[in-house]
Each structure stands twice: as C-alpha cells, then as structure tokens.
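Input: a single structure, listed below in structure tokens.
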Amino acid sequence: MRIISKKKIRDYLKDNAQAELPLVEWSMKMQETDVKDINLLREKFNSVDAVHGYTVFNIGGNSYRLITAIHYNRQLCYIRTIWTHAE
C-alpha cells in the first residue's frame with residue numbers, strides 16, 4: 001500500500017522523537033500490506049478500528065493514534081493526523 005504524506009510523520013517526529021521507532025515500523029509494515037478491507041488489515045495490525053470513515057491505528061503500545069483514510073481499491077493510505085493517546 002502506498003502511503004501519502006509521509007511528511008506528516010516527519011513533522012510529528014520533530015517534536016516527538018520517541019515516536020520514531022513505532023511510526024517507522026508502522027510505515028514499513030503498511031508499505032508491504034496489500035489488503036482489500038479492514039478485516040484483512042486487522043490480520044496484519046493488532047489494533048486498528050474504523051471510526052467515522054477513517055481508519056485509526058493504535059501504535060507504540062497504544063501510545064499514539066495514527067488517523068488515516070484508506071482507499072483499498074487504489075491501495076492508498078492518506079495520513080490525516082497523529083496524536084498521542086492522551087490527545
């Protein structure tokens with residue numbers, strides 16, 4: 001799957017360097033993923049949910065929330081925002 005706007009990850013890491021490992025791991029795993037729906041995506045990622053049209057990944061031991069919009073038919077993953085669990 002192709003990830004759109006990796007710049008959002010880079011920008012987030014400027015202020016949150018401790019998130020680098022989980023975000024890089026997610027990115028690498030996502031790029032190798034070729035799934036047709038969220039049910040198949042759950043087989044690859046332990047904590048992923050559909051919320052109001054977005055796909056939310058809980059990463060880094062549930063320390064971060066990565067909000068994405070995924071177009072399975074085109075294999076595109078648009079990063080919308082990254083939050084800490086507290087946010």
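Just so we're on the same page: first chain in the structure tokens is A, next is B, and so on; residues restart at 1 for each chain, and ligands are numbered from 1 in the order they show up.
Near A:Asp15, within 12 Å and counting only C-alpha atoms, sit A:Lys8, A:Ile9, A:Arg10, A:Asp11, A:Ala19, A:Glu20, A:Ile82, A:Trp83, A:Thr84; same-chain residues fewer than 4 positions away were not included.
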Which of stretch 1-64 of chain A end up as strand (DSSP E) when DSSP is run on this backbone - answer as a ChimeraX atom specification?
/A:2-4,48-51,54-59,64
Write a file of the selected residues as a tab-separated table (two decimals), in the first residue's frame, keeping all heavy atoms.
chain	number	residue	atom	x	y	z
A	2	ARG	N	0.50	2.20	-0.76
A	2	ARG	CA	1.27	3.44	-0.86
A	2	ARG	C	0.79	4.43	0.20
A	2	ARG	O	-0.42	4.64	0.36
A	2	ARG	CB	1.10	4.03	-2.25
A	2	ARG	CG	1.97	5.21	-2.49
A	2	ARG	CD	1.96	5.58	-3.95
A	2	ARG	NE	2.42	6.94	-4.06
A	2	ARG	CZ	1.93	7.83	-4.89
A	2	ARG	NH1	1.00	7.49	-5.74
A	2	ARG	NH2	2.40	9.04	-4.91
A	3	ILE	N	1.73	5.03	0.92
A	3	ILE	CA	1.41	5.98	1.98
A	3	ILE	C	1.57	7.39	1.42
A	3	ILE	O	2.63	7.75	0.90
A	3	ILE	CB	2.32	5.79	3.20
A	3	ILE	CG1	2.13	4.39	3.75
A	3	ILE	CG2	2.04	6.84	4.25
A	3	ILE	CD1	3.14	4.00	4.80
A	4	ILE	N	0.52	8.18	1.55
A	4	ILE	CA	0.55	9.56	1.08
A	4	ILE	C	0.78	10.49	2.27
A	4	ILE	O	0.13	10.36	3.30
A	4	ILE	CB	-0.78	9.93	0.38
A	4	ILE	CG1	-1.11	8.93	-0.73
A	4	ILE	CG2	-0.75	11.36	-0.16
A	4	ILE	CD1	-0.12	8.86	-1.86
A	48	VAL	N	-6.49	-1.82	15.12
A	48	VAL	CA	-6.96	-0.91	14.07
A	48	VAL	C	-8.48	-0.90	14.10
A	48	VAL	O	-9.12	-1.94	14.27
A	48	VAL	CB	-6.40	-1.31	12.69
A	48	VAL	CG1	-6.83	-2.69	12.29
A	48	VAL	CG2	-6.78	-0.30	11.63
A	49	ASP	N	-9.05	0.31	13.99
A	49	ASP	CA	-10.50	0.45	14.05
A	49	ASP	C	-10.99	1.41	12.98
A	49	ASP	O	-10.28	2.36	12.60
A	49	ASP	CB	-10.93	1.01	15.42
A	49	ASP	CG	-10.62	0.06	16.55
A	49	ASP	OD1	-11.14	-1.07	16.49
A	49	ASP	OD2	-9.89	0.44	17.47
A	50	ALA	N	-12.20	1.20	12.52
A	50	ALA	CA	-12.87	2.13	11.61
A	50	ALA	C	-13.69	3.09	12.46
A	50	ALA	O	-14.50	2.66	13.28
A	50	ALA	CB	-13.75	1.37	10.65
A	51	VAL	N	-13.44	4.39	12.29
A	51	VAL	CA	-14.14	5.40	13.07
A	51	VAL	C	-14.58	6.53	12.14
A	51	VAL	O	-13.73	7.26	11.61
A	51	VAL	CB	-13.25	5.97	14.19
A	51	VAL	CG1	-13.99	7.03	15.00
A	51	VAL	CG2	-12.72	4.87	15.09
A	54	TYR	N	-12.79	6.91	8.85
A	54	TYR	CA	-11.33	6.90	8.94
A	54	TYR	C	-10.88	5.57	9.53
A	54	TYR	O	-11.64	4.88	10.19
A	54	TYR	CB	-10.82	8.05	9.82
A	54	TYR	CG	-11.07	9.40	9.21
A	54	TYR	CD1	-12.15	10.18	9.61
A	54	TYR	CD2	-10.23	9.90	8.22
A	54	TYR	CE1	-12.39	11.41	9.04
A	54	TYR	CE2	-10.46	11.14	7.65
A	54	TYR	CZ	-11.55	11.89	8.07
A	54	TYR	OH	-11.77	13.10	7.49
A	55	THR	N	-9.61	5.26	9.31
A	55	THR	CA	-9.01	4.08	9.90
A	55	THR	C	-8.02	4.56	10.95
A	55	THR	O	-7.11	5.33	10.64
A	55	THR	CB	-8.31	3.22	8.83
A	55	THR	OG1	-9.27	2.90	7.82
A	55	THR	CG2	-7.76	1.95	9.43
A	56	VAL	N	-8.20	4.12	12.18
A	56	VAL	CA	-7.37	4.58	13.30
A	56	VAL	C	-6.49	3.43	13.77
A	56	VAL	O	-6.98	2.36	14.13
A	56	VAL	CB	-8.26	5.08	14.47
A	56	VAL	CG1	-7.39	5.54	15.64
A	56	VAL	CG2	-9.18	6.19	14.00
A	57	PHE	N	-5.19	3.68	13.76
A	57	PHE	CA	-4.21	2.70	14.24
A	57	PHE	C	-3.73	3.14	15.62
A	57	PHE	O	-3.36	4.29	15.81
A	57	PHE	CB	-2.99	2.66	13.30
A	57	PHE	CG	-3.28	2.13	11.94
A	57	PHE	CD1	-3.72	2.98	10.94
A	57	PHE	CD2	-3.09	0.79	11.64
A	57	PHE	CE1	-3.98	2.50	9.67
A	57	PHE	CE2	-3.34	0.30	10.37
A	57	PHE	CZ	-3.79	1.16	9.38
A	58	ASN	N	-3.74	2.24	16.58
A	58	ASN	CA	-3.13	2.46	17.88
A	58	ASN	C	-1.75	1.83	17.80
A	58	ASN	O	-1.63	0.61	17.67
A	58	ASN	CB	-3.95	1.82	18.99
A	58	ASN	CG	-5.31	2.47	19.13
A	58	ASN	OD1	-5.41	3.68	19.06
A	58	ASN	ND2	-6.34	1.67	19.28
A	59	ILE	N	-0.72	2.64	17.87
A	59	ILE	CA	0.64	2.12	17.70
A	59	ILE	C	1.51	2.51	18.88
A	59	ILE	O	1.14	3.35	19.69
A	59	ILE	CB	1.26	2.60	16.36
A	59	ILE	CG1	1.32	4.12	16.30
A	59	ILE	CG2	0.49	2.07	15.19
A	59	ILE	CD1	2.06	4.63	15.08
A	64	TYR	N	0.26	6.09	20.72
A	64	TYR	CA	-0.03	7.02	19.64
A	64	TYR	C	-1.24	6.55	18.83
A	64	TYR	O	-1.47	5.35	18.70
A	64	TYR	CB	1.18	7.16	18.71
A	64	TYR	CG	2.42	7.53	19.46
A	64	TYR	CD1	3.35	6.55	19.81
A	64	TYR	CD2	2.64	8.83	19.86
A	64	TYR	CE1	4.47	6.89	20.55
A	64	TYR	CE2	3.76	9.17	20.59
A	64	TYR	CZ	4.67	8.19	20.93
A	64	TYR	OH	5.77	8.52	21.66
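Distances to A:Gly61 were evaluated for A:Arg42, A:His85, A:Arg80, A:Lys7 using only C-alpha atoms, and the minimum falls at A:His85.
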Which is closest to A:Arg65 among A:Lys14, A:Gly53, A:Gln31, A:Thr81, if we use only C-alpha atoms?
A:Thr81
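Residues lying within 12 Å of A:His52, counting only C-alpha atoms and ignoring same-chain neighbours fewer than 6 positions away, are Ile67, Thr68 and Ala69 of chain A.
Atom pair atom CA of A:Glu43 / atom CA of A:Leu13 has a distance of 27.1 Å (rounded to one decimal).
The list of residues with at least one atom within 9 Å of A:Met1, based on only C-alpha atoms and without residues fewer than 5 positions apart in the same chain, reads Met30, Gln31, Glu32, Thr33, Asp34, Val35, Tyr72, Arg74, Gln75, Leu76 and Cys77 of chain A.
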Write out, as an mmCIF file, in the first residue's frame, the residues just selected, with N, CA and C atoms.
data_model
loop_
_atom_site.group_PDB
_atom_site.id
_atom_site.type_symbol
_atom_site.label_atom_id
_atom_site.label_comp_id
_atom_site.auth_asym_id
_atom_site.auth_seq_id
_atom_site.Cartn_x
_atom_site.Cartn_y
_atom_site.Cartn_z
ATOM 1 N N MET A 30 3.092 -1.180 6.641
ATOM 2 C CA MET A 30 1.982 -0.727 5.806
ATOM 3 C C MET A 30 2.349 -0.776 4.325
ATOM 4 N N GLN A 31 3.573 -0.417 3.993
ATOM 5 C CA GLN A 31 4.012 -0.437 2.598
ATOM 6 C C GLN A 31 4.023 -1.849 2.029
ATOM 7 N N GLU A 32 4.203 -2.831 2.868
ATOM 8 C CA GLU A 32 4.210 -4.234 2.427
ATOM 9 C C GLU A 32 2.810 -4.843 2.410
ATOM 10 N N THR A 33 1.824 -4.093 2.885
ATOM 11 C CA THR A 33 0.469 -4.599 3.021
ATOM 12 C C THR A 33 -0.314 -4.427 1.726
ATOM 13 N N ASP A 34 -1.062 -5.462 1.366
ATOM 14 C CA ASP A 34 -1.950 -5.423 0.201
ATOM 15 C C ASP A 34 -3.256 -6.094 0.619
ATOM 16 N N VAL A 35 -4.171 -5.289 1.154
ATOM 17 C CA VAL A 35 -5.432 -5.835 1.661
ATOM 18 C C VAL A 35 -6.617 -5.171 0.970
ATOM 19 N N TYR A 72 -8.909 1.270 -0.306
ATOM 20 C CA TYR A 72 -8.459 -0.098 -0.553
ATOM 21 C C TYR A 72 -8.413 -0.424 -2.042
ATOM 22 N N ARG A 74 -7.601 1.430 -4.507
ATOM 23 C CA ARG A 74 -6.407 2.004 -5.148
ATOM 24 C C ARG A 74 -5.130 1.750 -4.348
ATOM 25 N N GLN A 75 -5.270 1.081 -3.200
ATOM 26 C CA GLN A 75 -4.132 0.773 -2.326
ATOM 27 C C GLN A 75 -3.391 2.047 -1.906
ATOM 28 N N LEU A 76 -4.171 3.042 -1.443
ATOM 29 C CA LEU A 76 -3.609 4.304 -0.965
ATOM 30 C C LEU A 76 -4.008 4.539 0.483
ATOM 31 N N CYS A 77 -3.049 4.994 1.270
ATOM 32 C CA CYS A 77 -3.277 5.311 2.671
ATOM 33 C C CYS A 77 -2.883 6.768 2.892
#
Assign secondary structure with DSSP using the backbone only, and return the residues of chain A in helix (DSSP H, G or I) as a count of residues only.
31
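Considering only C-alpha atoms, the residue among A:Lys36, A:Lys6, A:Lys44, A:Lys29 positioned nearest to A:Asn73 is A:Lys36.
What separates atom CA of A:Glu25 from atom CA of A:Leu40 is a distance of 18.6 Å.
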